[in-house]
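As stored in data.cif (mmCIF, N, CA and C atoms):
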data_query
#
loop_
_atom_site.group_PDB
_atom_site.id
_atom_site.type_symbol
_atom_site.label_atom_id
_atom_site.label_comp_id
_atom_site.auth_asym_id
_atom_site.auth_seq_id
_atom_site.Cartn_x
_atom_site.Cartn_y
_atom_site.Cartn_z
ATOM 1 N N MET A 278 -156.916 -215.525 18.673
ATOM 2 C CA MET A 278 -158.303 -215.137 18.789
ATOM 3 C C MET A 278 -159.226 -216.235 18.261
ATOM 4 N N LYS A 279 -158.854 -216.859 17.154
ATOM 5 C CA LYS A 279 -159.695 -217.903 16.583
ATOM 6 C C LYS A 279 -159.772 -219.125 17.494
ATOM 7 N N VAL A 280 -158.669 -219.488 18.119
ATOM 8 C CA VAL A 280 -158.654 -220.643 19.007
ATOM 9 C C VAL A 280 -159.560 -220.391 20.210
ATOM 10 N N LYS A 281 -159.541 -219.172 20.707
ATOM 11 C CA LYS A 281 -160.387 -218.813 21.838
ATOM 12 C C LYS A 281 -161.866 -218.925 21.451
ATOM 13 N N ASN A 282 -162.231 -218.466 20.271
ATOM 14 C CA ASN A 282 -163.618 -218.558 19.802
ATOM 15 C C ASN A 282 -164.040 -220.012 19.622
ATOM 16 N N TYR A 283 -163.182 -220.836 19.054
ATOM 17 C CA TYR A 283 -163.496 -222.257 18.886
ATOM 18 C C TYR A 283 -163.684 -222.945 20.234
ATOM 19 N N PHE A 284 -162.846 -222.589 21.186
ATOM 20 C CA PHE A 284 -162.961 -223.170 22.518
ATOM 21 C C PHE A 284 -164.287 -222.772 23.171
ATOM 22 N N ILE A 285 -164.686 -221.533 23.026
ATOM 23 C CA ILE A 285 -165.953 -221.059 23.595
ATOM 24 C C ILE A 285 -167.132 -221.768 22.929
ATOM 25 N N ILE A 286 -167.099 -221.888 21.611
ATOM 26 C CA ILE A 286 -168.171 -222.570 20.883
ATOM 27 C C ILE A 286 -168.245 -224.031 21.288
ATOM 28 N N LEU A 287 -167.101 -224.692 21.391
ATOM 29 C CA LEU A 287 -167.061 -226.094 21.799
ATOM 30 C C LEU A 287 -167.593 -226.270 23.213
ATOM 31 N N THR A 288 -167.258 -225.372 24.101
ATOM 32 C CA THR A 288 -167.749 -225.441 25.474
ATOM 33 C C THR A 288 -169.268 -225.276 25.531
ATOM 34 N N VAL A 289 -169.788 -224.319 24.782
ATOM 35 C CA VAL A 289 -171.242 -224.099 24.757
ATOM 36 C C VAL A 289 -171.953 -225.327 24.187
ATOM 37 N N LEU A 290 -171.421 -225.902 23.119
ATOM 38 C CA LEU A 290 -172.026 -227.099 22.536
ATOM 39 C C LEU A 290 -171.999 -228.270 23.505
ATOM 40 N N PHE A 291 -170.911 -228.425 24.241
ATOM 41 C CA PHE A 291 -170.811 -229.496 25.233
ATOM 42 C C PHE A 291 -171.847 -229.305 26.341
ATOM 43 N N ILE A 292 -172.020 -228.086 26.801
ATOM 44 C CA ILE A 292 -173.003 -227.808 27.848
ATOM 45 C C ILE A 292 -174.412 -228.097 27.346
ATOM 46 N N LEU A 293 -174.721 -227.696 26.122
ATOM 47 C CA LEU A 293 -176.048 -227.961 25.556
ATOM 48 C C LEU A 293 -176.292 -229.463 25.370
ATOM 49 N N LEU A 294 -175.279 -230.196 24.936
ATOM 50 C CA LEU A 294 -175.406 -231.639 24.783
ATOM 51 C C LEU A 294 -175.653 -232.309 26.135
ATOM 52 N N PHE A 295 -174.890 -231.917 27.133
ATOM 53 C CA PHE A 295 -175.056 -232.477 28.469
ATOM 54 C C PHE A 295 -176.452 -232.176 29.012
ATOM 55 N N TYR A 296 -176.917 -230.957 28.838
ATOM 56 C CA TYR A 296 -178.257 -230.578 29.294
ATOM 57 C C TYR A 296 -179.327 -231.396 28.577
ATOM 58 N N ASN A 297 -179.177 -231.587 27.275
ATOM 59 C CA ASN A 297 -180.148 -232.346 26.491
ATOM 60 C C ASN A 297 -180.203 -233.798 26.971
ATOM 61 N N LEU A 298 -179.065 -234.415 27.183
ATOM 62 C CA LEU A 298 -179.027 -235.803 27.659
ATOM 63 C C LEU A 298 -179.621 -235.925 29.057
ATOM 64 N N PHE A 299 -179.330 -234.970 29.920
ATOM 65 C CA PHE A 299 -179.880 -234.982 31.273
ATOM 66 C C PHE A 299 -181.393 -234.813 31.241
ATOM 67 N N ALA A 300 -181.889 -233.896 30.443
ATOM 68 C CA ALA A 300 -183.330 -233.656 30.354
ATOM 69 C C ALA A 300 -184.048 -234.882 29.774
ATOM 70 N N TYR A 301 -183.467 -235.521 28.758
ATOM 71 C CA TYR A 301 -184.069 -236.717 28.159
ATOM 72 C C TYR A 301 -184.125 -237.855 29.179
ATOM 73 N N LYS A 302 -183.064 -238.056 29.922
ATOM 74 C CA LYS A 302 -183.015 -239.115 30.935
ATOM 75 C C LYS A 302 -184.040 -238.842 32.034
ATOM 76 N N PHE A 303 -184.142 -237.602 32.462
ATOM 77 C CA PHE A 303 -185.097 -237.233 33.499
ATOM 78 C C PHE A 303 -186.534 -237.460 33.025
ATOM 79 N N ALA A 304 -186.827 -237.053 31.793
ATOM 80 C CA ALA A 304 -188.181 -237.232 31.245
ATOM 81 C C ALA A 304 -188.520 -238.714 31.117
ATOM 82 N N ASN A 305 -187.584 -239.522 30.649
ATOM 83 C CA ASN A 305 -187.827 -240.963 30.526
ATOM 84 C C ASN A 305 -188.061 -241.607 31.890
ATOM 85 N N ASN A 306 -187.327 -241.188 32.903
ATOM 86 C CA ASN A 306 -187.527 -241.741 34.245
ATOM 87 C C ASN A 306 -188.903 -241.382 34.793
ATOM 88 N N ARG A 307 -189.347 -240.164 34.568
ATOM 89 C CA ARG A 307 -190.678 -239.739 35.030
ATOM 90 C C ARG A 307 -191.778 -240.534 34.326
ATOM 91 N N ILE A 308 -191.631 -240.722 33.023
ATOM 92 C CA ILE A 308 -192.634 -241.485 32.275
ATOM 93 C C ILE A 308 -192.646 -242.935 32.743
ATOM 94 N N GLU A 309 -191.470 -243.492 32.983
ATOM 95 C CA GLU A 309 -191.397 -244.884 33.464
ATOM 96 C C GLU A 309 -192.108 -245.037 34.809
ATOM 97 N N GLU A 310 -191.884 -244.099 35.715
ATOM 98 C CA GLU A 310 -192.523 -244.169 37.031
ATOM 99 C C GLU A 310 -194.040 -244.029 36.933
ATOM 100 N N GLN A 311 -194.501 -243.144 36.069
ATOM 101 C CA GLN A 311 -195.931 -242.855 36.011
ATOM 102 C C GLN A 311 -196.723 -243.858 35.183
ATOM 103 N N THR A 312 -196.063 -244.649 34.361
ATOM 104 C CA THR A 312 -196.769 -245.642 33.557
ATOM 105 C C THR A 312 -196.594 -247.066 34.088
ATOM 106 N N LYS A 313 -195.796 -247.233 35.115
ATOM 107 C CA LYS A 313 -195.495 -248.566 35.647
ATOM 108 C C LYS A 313 -196.756 -249.294 36.116
ATOM 109 N N TYR A 314 -197.665 -248.597 36.763
ATOM 110 C CA TYR A 314 -198.883 -249.209 37.291
ATOM 111 C C TYR A 314 -199.755 -249.761 36.154
ATOM 112 N N ALA A 315 -199.943 -248.981 35.098
ATOM 113 C CA ALA A 315 -200.784 -249.424 33.978
ATOM 114 C C ALA A 315 -200.152 -250.605 33.250
ATOM 115 N N ILE A 316 -198.851 -250.592 33.093
ATOM 116 C CA ILE A 316 -198.164 -251.680 32.393
ATOM 117 C C ILE A 316 -198.233 -252.970 33.215
ATOM 118 N N THR A 317 -198.010 -252.866 34.521
ATOM 119 C CA THR A 317 -198.094 -254.040 35.387
ATOM 120 C C THR A 317 -199.506 -254.618 35.393
ATOM 121 N N ASN A 318 -200.493 -253.753 35.432
ATOM 122 C CA ASN A 318 -201.885 -254.236 35.389
ATOM 123 C C ASN A 318 -202.209 -254.922 34.071
ATOM 124 N N TYR A 319 -201.641 -254.438 32.975
ATOM 125 C CA TYR A 319 -201.864 -255.086 31.678
ATOM 126 C C TYR A 319 -201.324 -256.515 31.705
ATOM 127 N N PHE A 320 -200.114 -256.687 32.203
ATOM 128 C CA PHE A 320 -199.534 -258.030 32.260
ATOM 129 C C PHE A 320 -200.292 -258.922 33.251
ATOM 130 N N LYS A 321 -200.812 -258.353 34.334
ATOM 131 C CA LYS A 321 -201.628 -259.132 35.268
ATOM 132 C C LYS A 321 -202.920 -259.592 34.606
ATOM 133 N N SER A 322 -203.493 -258.741 33.753
ATOM 134 C CA SER A 322 -204.744 -259.111 33.083
ATOM 135 C C SER A 322 -204.533 -260.239 32.073
ATOM 136 N N LEU A 323 -203.305 -260.411 31.603
ATOM 137 C CA LEU A 323 -202.992 -261.518 30.700
ATOM 138 C C LEU A 323 -202.741 -262.812 31.457
ATOM 139 N N ASN A 324 -202.800 -262.741 32.786
ATOM 140 C CA ASN A 324 -202.477 -263.879 33.650
ATOM 141 C C ASN A 324 -201.068 -264.389 33.380
ATOM 142 N N ALA A 325 -200.168 -263.449 33.169
ATOM 143 C CA ALA A 325 -198.777 -263.811 32.903
ATOM 144 C C ALA A 325 -198.133 -264.326 34.192
ATOM 145 N N ASN A 326 -197.388 -265.406 34.053
ATOM 146 C CA ASN A 326 -196.683 -265.962 35.208
ATOM 147 C C ASN A 326 -195.521 -265.070 35.624
ATOM 148 N N ASN A 327 -194.874 -264.487 34.648
ATOM 149 C CA ASN A 327 -193.722 -263.649 34.911
ATOM 150 C C ASN A 327 -194.109 -262.191 34.662
ATOM 151 N N LEU A 328 -194.137 -261.387 35.713
ATOM 152 C CA LEU A 328 -194.507 -259.984 35.586
ATOM 153 C C LEU A 328 -193.301 -259.082 35.373
ATOM 154 N N ASP A 329 -192.123 -259.676 35.213
ATOM 155 C CA ASP A 329 -190.920 -258.881 34.992
ATOM 156 C C ASP A 329 -190.888 -258.373 33.563
ATOM 157 N N TYR A 330 -190.501 -257.133 33.408
ATOM 158 C CA TYR A 330 -190.350 -256.556 32.081
ATOM 159 C C TYR A 330 -189.228 -255.532 32.116
ATOM 160 N N GLU A 331 -188.739 -255.216 30.951
ATOM 161 C CA GLU A 331 -187.649 -254.251 30.815
ATOM 162 C C GLU A 331 -188.171 -253.017 30.084
ATOM 163 N N TYR A 332 -188.051 -251.880 30.723
ATOM 164 C CA TYR A 332 -188.430 -250.612 30.125
ATOM 165 C C TYR A 332 -187.327 -250.219 29.148
ATOM 166 N N ILE A 333 -187.671 -249.984 27.891
ATOM 167 C CA ILE A 333 -186.661 -249.630 26.898
ATOM 168 C C ILE A 333 -186.563 -248.126 26.740
ATOM 169 N N LYS A 334 -187.661 -247.505 26.287
ATOM 170 C CA LYS A 334 -187.660 -246.055 26.121
ATOM 171 C C LYS A 334 -189.064 -245.571 25.844
ATOM 172 N N ALA A 335 -189.230 -244.275 25.877
ATOM 173 C CA ALA A 335 -190.501 -243.641 25.551
ATOM 174 C C ALA A 335 -190.267 -242.617 24.454
ATOM 175 N N THR A 336 -191.231 -242.494 23.561
ATOM 176 C CA THR A 336 -191.146 -241.504 22.492
ATOM 177 C C THR A 336 -192.470 -240.768 22.388
ATOM 178 N N LEU A 337 -192.393 -239.547 21.910
ATOM 179 C CA LEU A 337 -193.577 -238.731 21.689
ATOM 180 C C LEU A 337 -194.031 -238.919 20.253
ATOM 181 N N ASN A 338 -195.308 -239.208 20.056
ATOM 182 C CA ASN A 338 -195.856 -239.413 18.720
ATOM 183 C C ASN A 338 -196.373 -238.097 18.147
ATOM 184 N N GLU A 339 -196.649 -238.111 16.861
ATOM 185 C CA GLU A 339 -197.132 -236.912 16.184
ATOM 186 C C GLU A 339 -198.508 -236.479 16.668
ATOM 187 N N ASN A 340 -199.317 -237.412 17.121
ATOM 188 C CA ASN A 340 -200.672 -237.083 17.556
ATOM 189 C C ASN A 340 -200.742 -236.813 19.065
ATOM 190 N N ALA A 341 -199.649 -236.388 19.654
ATOM 191 C CA ALA A 341 -199.551 -235.998 21.072
ATOM 192 C C ALA A 341 -199.793 -237.162 22.023
ATOM 193 N N THR A 342 -199.527 -238.381 21.591
ATOM 194 C CA THR A 342 -199.554 -239.532 22.478
ATOM 195 C C THR A 342 -198.120 -239.968 22.737
ATOM 196 N N ILE A 343 -197.952 -240.801 23.733
ATOM 197 C CA ILE A 343 -196.621 -241.262 24.112
ATOM 198 C C ILE A 343 -196.559 -242.771 23.929
ATOM 199 N N SER A 344 -195.524 -243.236 23.240
ATOM 200 C CA SER A 344 -195.287 -244.669 23.076
ATOM 201 C C SER A 344 -194.211 -245.100 24.061
ATOM 202 N N VAL A 345 -194.526 -246.114 24.840
ATOM 203 C CA VAL A 345 -193.572 -246.687 25.784
ATOM 204 C C VAL A 345 -193.252 -248.087 25.293
ATOM 205 N N PHE A 346 -191.968 -248.357 25.065
ATOM 206 C CA PHE A 346 -191.528 -249.649 24.539
ATOM 207 C C PHE A 346 -191.028 -250.514 25.680
ATOM 208 N N ILE A 347 -191.554 -251.749 25.725
ATOM 209 C CA ILE A 347 -191.283 -252.694 26.809
ATOM 210 C C ILE A 347 -190.870 -254.028 26.200
ATOM 211 N N LYS A 348 -189.930 -254.713 26.873
ATOM 212 C CA LYS A 348 -189.556 -256.072 26.486
ATOM 213 C C LYS A 348 -189.892 -256.993 27.652
ATOM 214 N N SER A 349 -190.670 -258.037 27.354
ATOM 215 C CA SER A 349 -191.038 -259.013 28.367
ATOM 216 C C SER A 349 -191.048 -260.395 27.737
ATOM 217 N N ASN A 350 -190.322 -261.316 28.336
ATOM 218 C CA ASN A 350 -190.241 -262.698 27.848
ATOM 219 C C ASN A 350 -189.873 -262.763 26.367
ATOM 220 N N ASN A 351 -188.890 -261.989 25.966
ATOM 221 C CA ASN A 351 -188.389 -261.917 24.581
ATOM 222 C C ASN A 351 -189.450 -261.464 23.584
ATOM 223 N N LYS A 352 -190.487 -260.817 24.057
ATOM 224 C CA LYS A 352 -191.486 -260.199 23.197
ATOM 225 C C LYS A 352 -191.463 -258.703 23.464
ATOM 226 N N TYR A 353 -191.675 -257.947 22.414
ATOM 227 C CA TYR A 353 -191.663 -256.491 22.526
ATOM 228 C C TYR A 353 -193.080 -255.955 22.438
ATOM 229 N N TYR A 354 -193.370 -254.958 23.253
ATOM 230 C CA TYR A 354 -194.688 -254.336 23.298
ATOM 231 C C TYR A 354 -194.529 -252.820 23.177
ATOM 232 N N ARG A 355 -195.520 -252.198 22.552
ATOM 233 C CA ARG A 355 -195.588 -250.738 22.521
ATOM 234 C C ARG A 355 -196.899 -250.337 23.188
ATOM 235 N N PHE A 356 -196.783 -249.666 24.305
ATOM 236 C CA PHE A 356 -197.931 -249.159 25.035
ATOM 237 C C PHE A 356 -198.132 -247.712 24.618
ATOM 238 N N ILE A 357 -199.315 -247.398 24.154
ATOM 239 C CA ILE A 357 -199.603 -246.041 23.704
ATOM 240 C C ILE A 357 -200.464 -245.374 24.768
ATOM 241 N N PHE A 358 -199.950 -244.267 25.297
ATOM 242 C CA PHE A 358 -200.609 -243.539 26.366
ATOM 243 C C PHE A 358 -201.010 -242.151 25.889
ATOM 244 N N GLU A 359 -202.113 -241.663 26.444
ATOM 245 C CA GLU A 359 -202.539 -240.287 26.241
ATOM 246 C C GLU A 359 -202.232 -239.540 27.532
ATOM 247 N N ASN A 360 -201.655 -238.364 27.413
ATOM 248 C CA ASN A 360 -201.275 -237.599 28.594
ATOM 249 C C ASN A 360 -202.167 -236.374 28.718
ATOM 250 N N ASN A 361 -203.138 -236.445 29.607
ATOM 251 C CA ASN A 361 -203.915 -235.265 29.969
ATOM 252 C C ASN A 361 -204.169 -235.331 31.468
ATOM 253 N N GLY A 362 -203.204 -234.813 32.199
ATOM 254 C CA GLY A 362 -203.260 -234.861 33.647
ATOM 255 C C GLY A 362 -202.662 -236.124 34.223
ATOM 256 N N GLY A 363 -202.781 -237.211 33.524
ATOM 257 C CA GLY A 363 -202.220 -238.505 33.908
ATOM 258 C C GLY A 363 -202.096 -239.341 32.648
ATOM 259 N N TYR A 364 -201.436 -240.441 32.743
ATOM 260 C CA TYR A 364 -201.243 -241.285 31.560
ATOM 261 C C TYR A 364 -202.365 -242.313 31.470
ATOM 262 N N LYS A 365 -203.150 -242.226 30.406
ATOM 263 C CA LYS A 365 -204.262 -243.143 30.162
ATOM 264 C C LYS A 365 -203.858 -244.089 29.042
ATOM 265 N N LEU A 366 -203.942 -245.389 29.299
ATOM 266 C CA LEU A 366 -203.561 -246.400 28.320
ATOM 267 C C LEU A 366 -204.604 -246.458 27.206
ATOM 268 N N LEU A 367 -204.160 -246.231 25.971
ATOM 269 C CA LEU A 367 -205.058 -246.268 24.823
ATOM 270 C C LEU A 367 -204.992 -247.590 24.078
ATOM 271 N N ASN A 368 -203.775 -248.095 23.880
ATOM 272 C CA ASN A 368 -203.612 -249.282 23.034
ATOM 273 C C ASN A 368 -202.302 -249.983 23.384
ATOM 274 N N VAL A 369 -202.272 -251.281 23.131
ATOM 275 C CA VAL A 369 -201.047 -252.064 23.257
ATOM 276 C C VAL A 369 -200.816 -252.741 21.929
ATOM 277 N N ASP A 370 -199.623 -252.582 21.412
ATOM 278 C CA ASP A 370 -199.307 -253.077 20.078
ATOM 279 C C ASP A 370 -198.035 -253.916 20.150
ATOM 280 N N THR A 371 -197.995 -255.018 19.411
ATOM 281 C CA THR A 371 -196.783 -255.832 19.366
ATOM 282 C C THR A 371 -195.976 -255.585 18.095
ATOM 283 N N ASN A 372 -196.489 -254.803 17.181
ATOM 284 C CA ASN A 372 -195.745 -254.433 15.977
ATOM 285 C C ASN A 372 -194.959 -253.169 16.264
ATOM 286 N N ILE A 373 -193.675 -253.332 16.527
ATOM 287 C CA ILE A 373 -192.858 -252.180 16.854
ATOM 288 C C ILE A 373 -191.778 -252.011 15.799
ATOM 289 N N PRO A 374 -191.193 -250.826 15.708
ATOM 290 C CA PRO A 374 -190.141 -250.599 14.716
ATOM 291 C C PRO A 374 -188.932 -251.490 14.972
ATOM 292 N N ILE A 375 -188.239 -251.825 13.909
ATOM 293 C CA ILE A 375 -187.106 -252.749 14.020
ATOM 294 C C ILE A 375 -185.932 -252.124 14.782
ATOM 295 N N TYR A 376 -185.814 -250.805 14.766
ATOM 296 C CA TYR A 376 -184.686 -250.184 15.455
ATOM 297 C C TYR A 376 -184.817 -250.269 16.973
ATOM 298 N N ILE A 377 -185.983 -250.589 17.486
ATOM 299 C CA ILE A 377 -186.179 -250.752 18.920
ATOM 300 C C ILE A 377 -185.641 -252.107 19.378
ATOM 301 N N LYS A 378 -185.780 -253.123 18.547
ATOM 302 C CA LYS A 378 -185.315 -254.468 18.907
ATOM 303 C C LYS A 378 -183.855 -254.460 18.926
#
Could you spell out this file's structure in structure tokens?
Amino acid sequence: MKVKNYFIILTVLFILLFYNLFAYKFANNRIEEQTKYAITNYFKSLNANNLDYEYIKATLNENATISVFIKSNNKYYRFIFENNGGYKLLNVDTNIPIYIK
């Protein structure tokens, strides 16, 4: 009986973990698609020769803004967006946490 209960608990935990990872990946992909235009325009405004960048991840901040971390030309950027119907670029910061690098 105990082995059966452990197996059921382990199965439920595995399903919840899989769902959480899938939901996180889906949310990150949506944010990447919806912020791509603003990020590309920012790099165009800098007259950057190379518009290629690597999307790292997005995080939700305490003040209901979204931070999108980008790597371009070995420099890291944090784009801070406000989400109210669409993503509005508020700030671009080059001081990012060390765990992102």
Practice item. List the residues selected by the PyMOL selection byres (((chain A and resi 328-342 and name CA) around 7) and name CA) in the file shown, writing them as a PyMOL selection string. Key: chain A and resi 305+317+320+325-327+343-349+357-360
Exercise for review: State, in Å with one decimal place, the distance from atom CA of Gly363 of chain A to atom N of Gln311 of chain A.
Suggested key: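 Pair atom CA of Gly363 of chain A / atom N of Gln311 of chain A returns 9.3 Å.
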Could you please write out, as an mmCIF file with N, CA and C atoms, in the frame of the given file, every residue of segment 279-378 of chain A that DSSP assigns to alpha helix (DSSP H)?
data_model
loop_
_atom_site.group_PDB
_atom_site.id
_atom_site.type_symbol
_atom_site.label_atom_id
_atom_site.label_comp_id
_atom_site.auth_asym_id
_atom_site.auth_seq_id
_atom_site.Cartn_x
_atom_site.Cartn_y
_atom_site.Cartn_z
ATOM 1 N N LYS A 279 -158.854 -216.859 17.154
ATOM 2 C CA LYS A 279 -159.695 -217.903 16.583
ATOM 3 C C LYS A 279 -159.772 -219.125 17.494
ATOM 4 N N VAL A 280 -158.669 -219.488 18.119
ATOM 5 C CA VAL A 280 -158.654 -220.643 19.007
ATOM 6 C C VAL A 280 -159.560 -220.391 20.210
ATOM 7 N N LYS A 281 -159.541 -219.172 20.707
ATOM 8 C CA LYS A 281 -160.387 -218.813 21.838
ATOM 9 C C LYS A 281 -161.866 -218.925 21.451
ATOM 10 N N ASN A 282 -162.231 -218.466 20.271
ATOM 11 C CA ASN A 282 -163.618 -218.558 19.802
ATOM 12 C C ASN A 282 -164.040 -220.012 19.622
ATOM 13 N N TYR A 283 -163.182 -220.836 19.054
ATOM 14 C CA TYR A 283 -163.496 -222.257 18.886
ATOM 15 C C TYR A 283 -163.684 -222.945 20.234
ATOM 16 N N PHE A 284 -162.846 -222.589 21.186
ATOM 17 C CA PHE A 284 -162.961 -223.170 22.518
ATOM 18 C C PHE A 284 -164.287 -222.772 23.171
ATOM 19 N N ILE A 285 -164.686 -221.533 23.026
ATOM 20 C CA ILE A 285 -165.953 -221.059 23.595
ATOM 21 C C ILE A 285 -167.132 -221.768 22.929
ATOM 22 N N ILE A 286 -167.099 -221.888 21.611
ATOM 23 C CA ILE A 286 -168.171 -222.570 20.883
ATOM 24 C C ILE A 286 -168.245 -224.031 21.288
ATOM 25 N N LEU A 287 -167.101 -224.692 21.391
ATOM 26 C CA LEU A 287 -167.061 -226.094 21.799
ATOM 27 C C LEU A 287 -167.593 -226.270 23.213
ATOM 28 N N THR A 288 -167.258 -225.372 24.101
ATOM 29 C CA THR A 288 -167.749 -225.441 25.474
ATOM 30 C C THR A 288 -169.268 -225.276 25.531
ATOM 31 N N VAL A 289 -169.788 -224.319 24.782
ATOM 32 C CA VAL A 289 -171.242 -224.099 24.757
ATOM 33 C C VAL A 289 -171.953 -225.327 24.187
ATOM 34 N N LEU A 290 -171.421 -225.902 23.119
ATOM 35 C CA LEU A 290 -172.026 -227.099 22.536
ATOM 36 C C LEU A 290 -171.999 -228.270 23.505
ATOM 37 N N PHE A 291 -170.911 -228.425 24.241
ATOM 38 C CA PHE A 291 -170.811 -229.496 25.233
ATOM 39 C C PHE A 291 -171.847 -229.305 26.341
ATOM 40 N N ILE A 292 -172.020 -228.086 26.801
ATOM 41 C CA ILE A 292 -173.003 -227.808 27.848
ATOM 42 C C ILE A 292 -174.412 -228.097 27.346
ATOM 43 N N LEU A 293 -174.721 -227.696 26.122
ATOM 44 C CA LEU A 293 -176.048 -227.961 25.556
ATOM 45 C C LEU A 293 -176.292 -229.463 25.370
ATOM 46 N N LEU A 294 -175.279 -230.196 24.936
ATOM 47 C CA LEU A 294 -175.406 -231.639 24.783
ATOM 48 C C LEU A 294 -175.653 -232.309 26.135
ATOM 49 N N PHE A 295 -174.890 -231.917 27.133
ATOM 50 C CA PHE A 295 -175.056 -232.477 28.469
ATOM 51 C C PHE A 295 -176.452 -232.176 29.012
ATOM 52 N N TYR A 296 -176.917 -230.957 28.838
ATOM 53 C CA TYR A 296 -178.257 -230.578 29.294
ATOM 54 C C TYR A 296 -179.327 -231.396 28.577
ATOM 55 N N ASN A 297 -179.177 -231.587 27.275
ATOM 56 C CA ASN A 297 -180.148 -232.346 26.491
ATOM 57 C C ASN A 297 -180.203 -233.798 26.971
ATOM 58 N N LEU A 298 -179.065 -234.415 27.183
ATOM 59 C CA LEU A 298 -179.027 -235.803 27.659
ATOM 60 C C LEU A 298 -179.621 -235.925 29.057
ATOM 61 N N PHE A 299 -179.330 -234.970 29.920
ATOM 62 C CA PHE A 299 -179.880 -234.982 31.273
ATOM 63 C C PHE A 299 -181.393 -234.813 31.241
ATOM 64 N N ALA A 300 -181.889 -233.896 30.443
ATOM 65 C CA ALA A 300 -183.330 -233.656 30.354
ATOM 66 C C ALA A 300 -184.048 -234.882 29.774
ATOM 67 N N TYR A 301 -183.467 -235.521 28.758
ATOM 68 C CA TYR A 301 -184.069 -236.717 28.159
ATOM 69 C C TYR A 301 -184.125 -237.855 29.179
ATOM 70 N N LYS A 302 -183.064 -238.056 29.922
ATOM 71 C CA LYS A 302 -183.015 -239.115 30.935
ATOM 72 C C LYS A 302 -184.040 -238.842 32.034
ATOM 73 N N PHE A 303 -184.142 -237.602 32.462
ATOM 74 C CA PHE A 303 -185.097 -237.233 33.499
ATOM 75 C C PHE A 303 -186.534 -237.460 33.025
ATOM 76 N N ALA A 304 -186.827 -237.053 31.793
ATOM 77 C CA ALA A 304 -188.181 -237.232 31.245
ATOM 78 C C ALA A 304 -188.520 -238.714 31.117
ATOM 79 N N ASN A 305 -187.584 -239.522 30.649
ATOM 80 C CA ASN A 305 -187.827 -240.963 30.526
ATOM 81 C C ASN A 305 -188.061 -241.607 31.890
ATOM 82 N N ASN A 306 -187.327 -241.188 32.903
ATOM 83 C CA ASN A 306 -187.527 -241.741 34.245
ATOM 84 C C ASN A 306 -188.903 -241.382 34.793
ATOM 85 N N ARG A 307 -189.347 -240.164 34.568
ATOM 86 C CA ARG A 307 -190.678 -239.739 35.030
ATOM 87 C C ARG A 307 -191.778 -240.534 34.326
ATOM 88 N N ILE A 308 -191.631 -240.722 33.023
ATOM 89 C CA ILE A 308 -192.634 -241.485 32.275
ATOM 90 C C ILE A 308 -192.646 -242.935 32.743
ATOM 91 N N GLU A 309 -191.470 -243.492 32.983
ATOM 92 C CA GLU A 309 -191.397 -244.884 33.464
ATOM 93 C C GLU A 309 -192.108 -245.037 34.809
ATOM 94 N N GLU A 310 -191.884 -244.099 35.715
ATOM 95 C CA GLU A 310 -192.523 -244.169 37.031
ATOM 96 C C GLU A 310 -194.040 -244.029 36.933
ATOM 97 N N GLN A 311 -194.501 -243.144 36.069
ATOM 98 C CA GLN A 311 -195.931 -242.855 36.011
ATOM 99 C C GLN A 311 -196.723 -243.858 35.183
ATOM 100 N N THR A 312 -196.063 -244.649 34.361
ATOM 101 C CA THR A 312 -196.769 -245.642 33.557
ATOM 102 C C THR A 312 -196.594 -247.066 34.088
ATOM 103 N N LYS A 313 -195.796 -247.233 35.115
ATOM 104 C CA LYS A 313 -195.495 -248.566 35.647
ATOM 105 C C LYS A 313 -196.756 -249.294 36.116
ATOM 106 N N TYR A 314 -197.665 -248.597 36.763
ATOM 107 C CA TYR A 314 -198.883 -249.209 37.291
ATOM 108 C C TYR A 314 -199.755 -249.761 36.154
ATOM 109 N N ALA A 315 -199.943 -248.981 35.098
ATOM 110 C CA ALA A 315 -200.784 -249.424 33.978
ATOM 111 C C ALA A 315 -200.152 -250.605 33.250
ATOM 112 N N ILE A 316 -198.851 -250.592 33.093
ATOM 113 C CA ILE A 316 -198.164 -251.680 32.393
ATOM 114 C C ILE A 316 -198.233 -252.970 33.215
ATOM 115 N N THR A 317 -198.010 -252.866 34.521
ATOM 116 C CA THR A 317 -198.094 -254.040 35.387
ATOM 117 C C THR A 317 -199.506 -254.618 35.393
ATOM 118 N N ASN A 318 -200.493 -253.753 35.432
ATOM 119 C CA ASN A 318 -201.885 -254.236 35.389
ATOM 120 C C ASN A 318 -202.209 -254.922 34.071
ATOM 121 N N TYR A 319 -201.641 -254.438 32.975
ATOM 122 C CA TYR A 319 -201.864 -255.086 31.678
ATOM 123 C C TYR A 319 -201.324 -256.515 31.705
ATOM 124 N N PHE A 320 -200.114 -256.687 32.203
ATOM 125 C CA PHE A 320 -199.534 -258.030 32.260
ATOM 126 C C PHE A 320 -200.292 -258.922 33.251
ATOM 127 N N LYS A 321 -200.812 -258.353 34.334
ATOM 128 C CA LYS A 321 -201.628 -259.132 35.268
ATOM 129 C C LYS A 321 -202.920 -259.592 34.606
ATOM 130 N N SER A 322 -203.493 -258.741 33.753
ATOM 131 C CA SER A 322 -204.744 -259.111 33.083
ATOM 132 C C SER A 322 -204.533 -260.239 32.073
#
Exercise for review: Enter the distance from atom CA of Asn372 of chain A to atom N of Tyr314 of chain A, in Å, rounded to one decimal.
Suggested key: 21.7 Å
Exercise for review: State, in Å with one decimal place, the distance from atom N of Asp370 of chain A to atom C of Lys302 of chain A.
Suggested key: 23.3 Å
Might I get the box with edges along x, y and z of the file that holds all atoms of segment 361-375 of chain A listed there, padded by 8 Å on every side, given as centre and edge lengths in Å to one decimal, as lines of an AutoDock Vina configuration file?
center_x = -195.5
center_y = -245.3
center_z = 24.1
size_x = 35.1
size_y = 37.0
size_z = 36.3
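Across A:Lys279, A:Ala315, A:Asn297, A:Leu290, the tightest approach to Leu366 of chain A is made by A:Ala315 when counting all atoms listed in the file.
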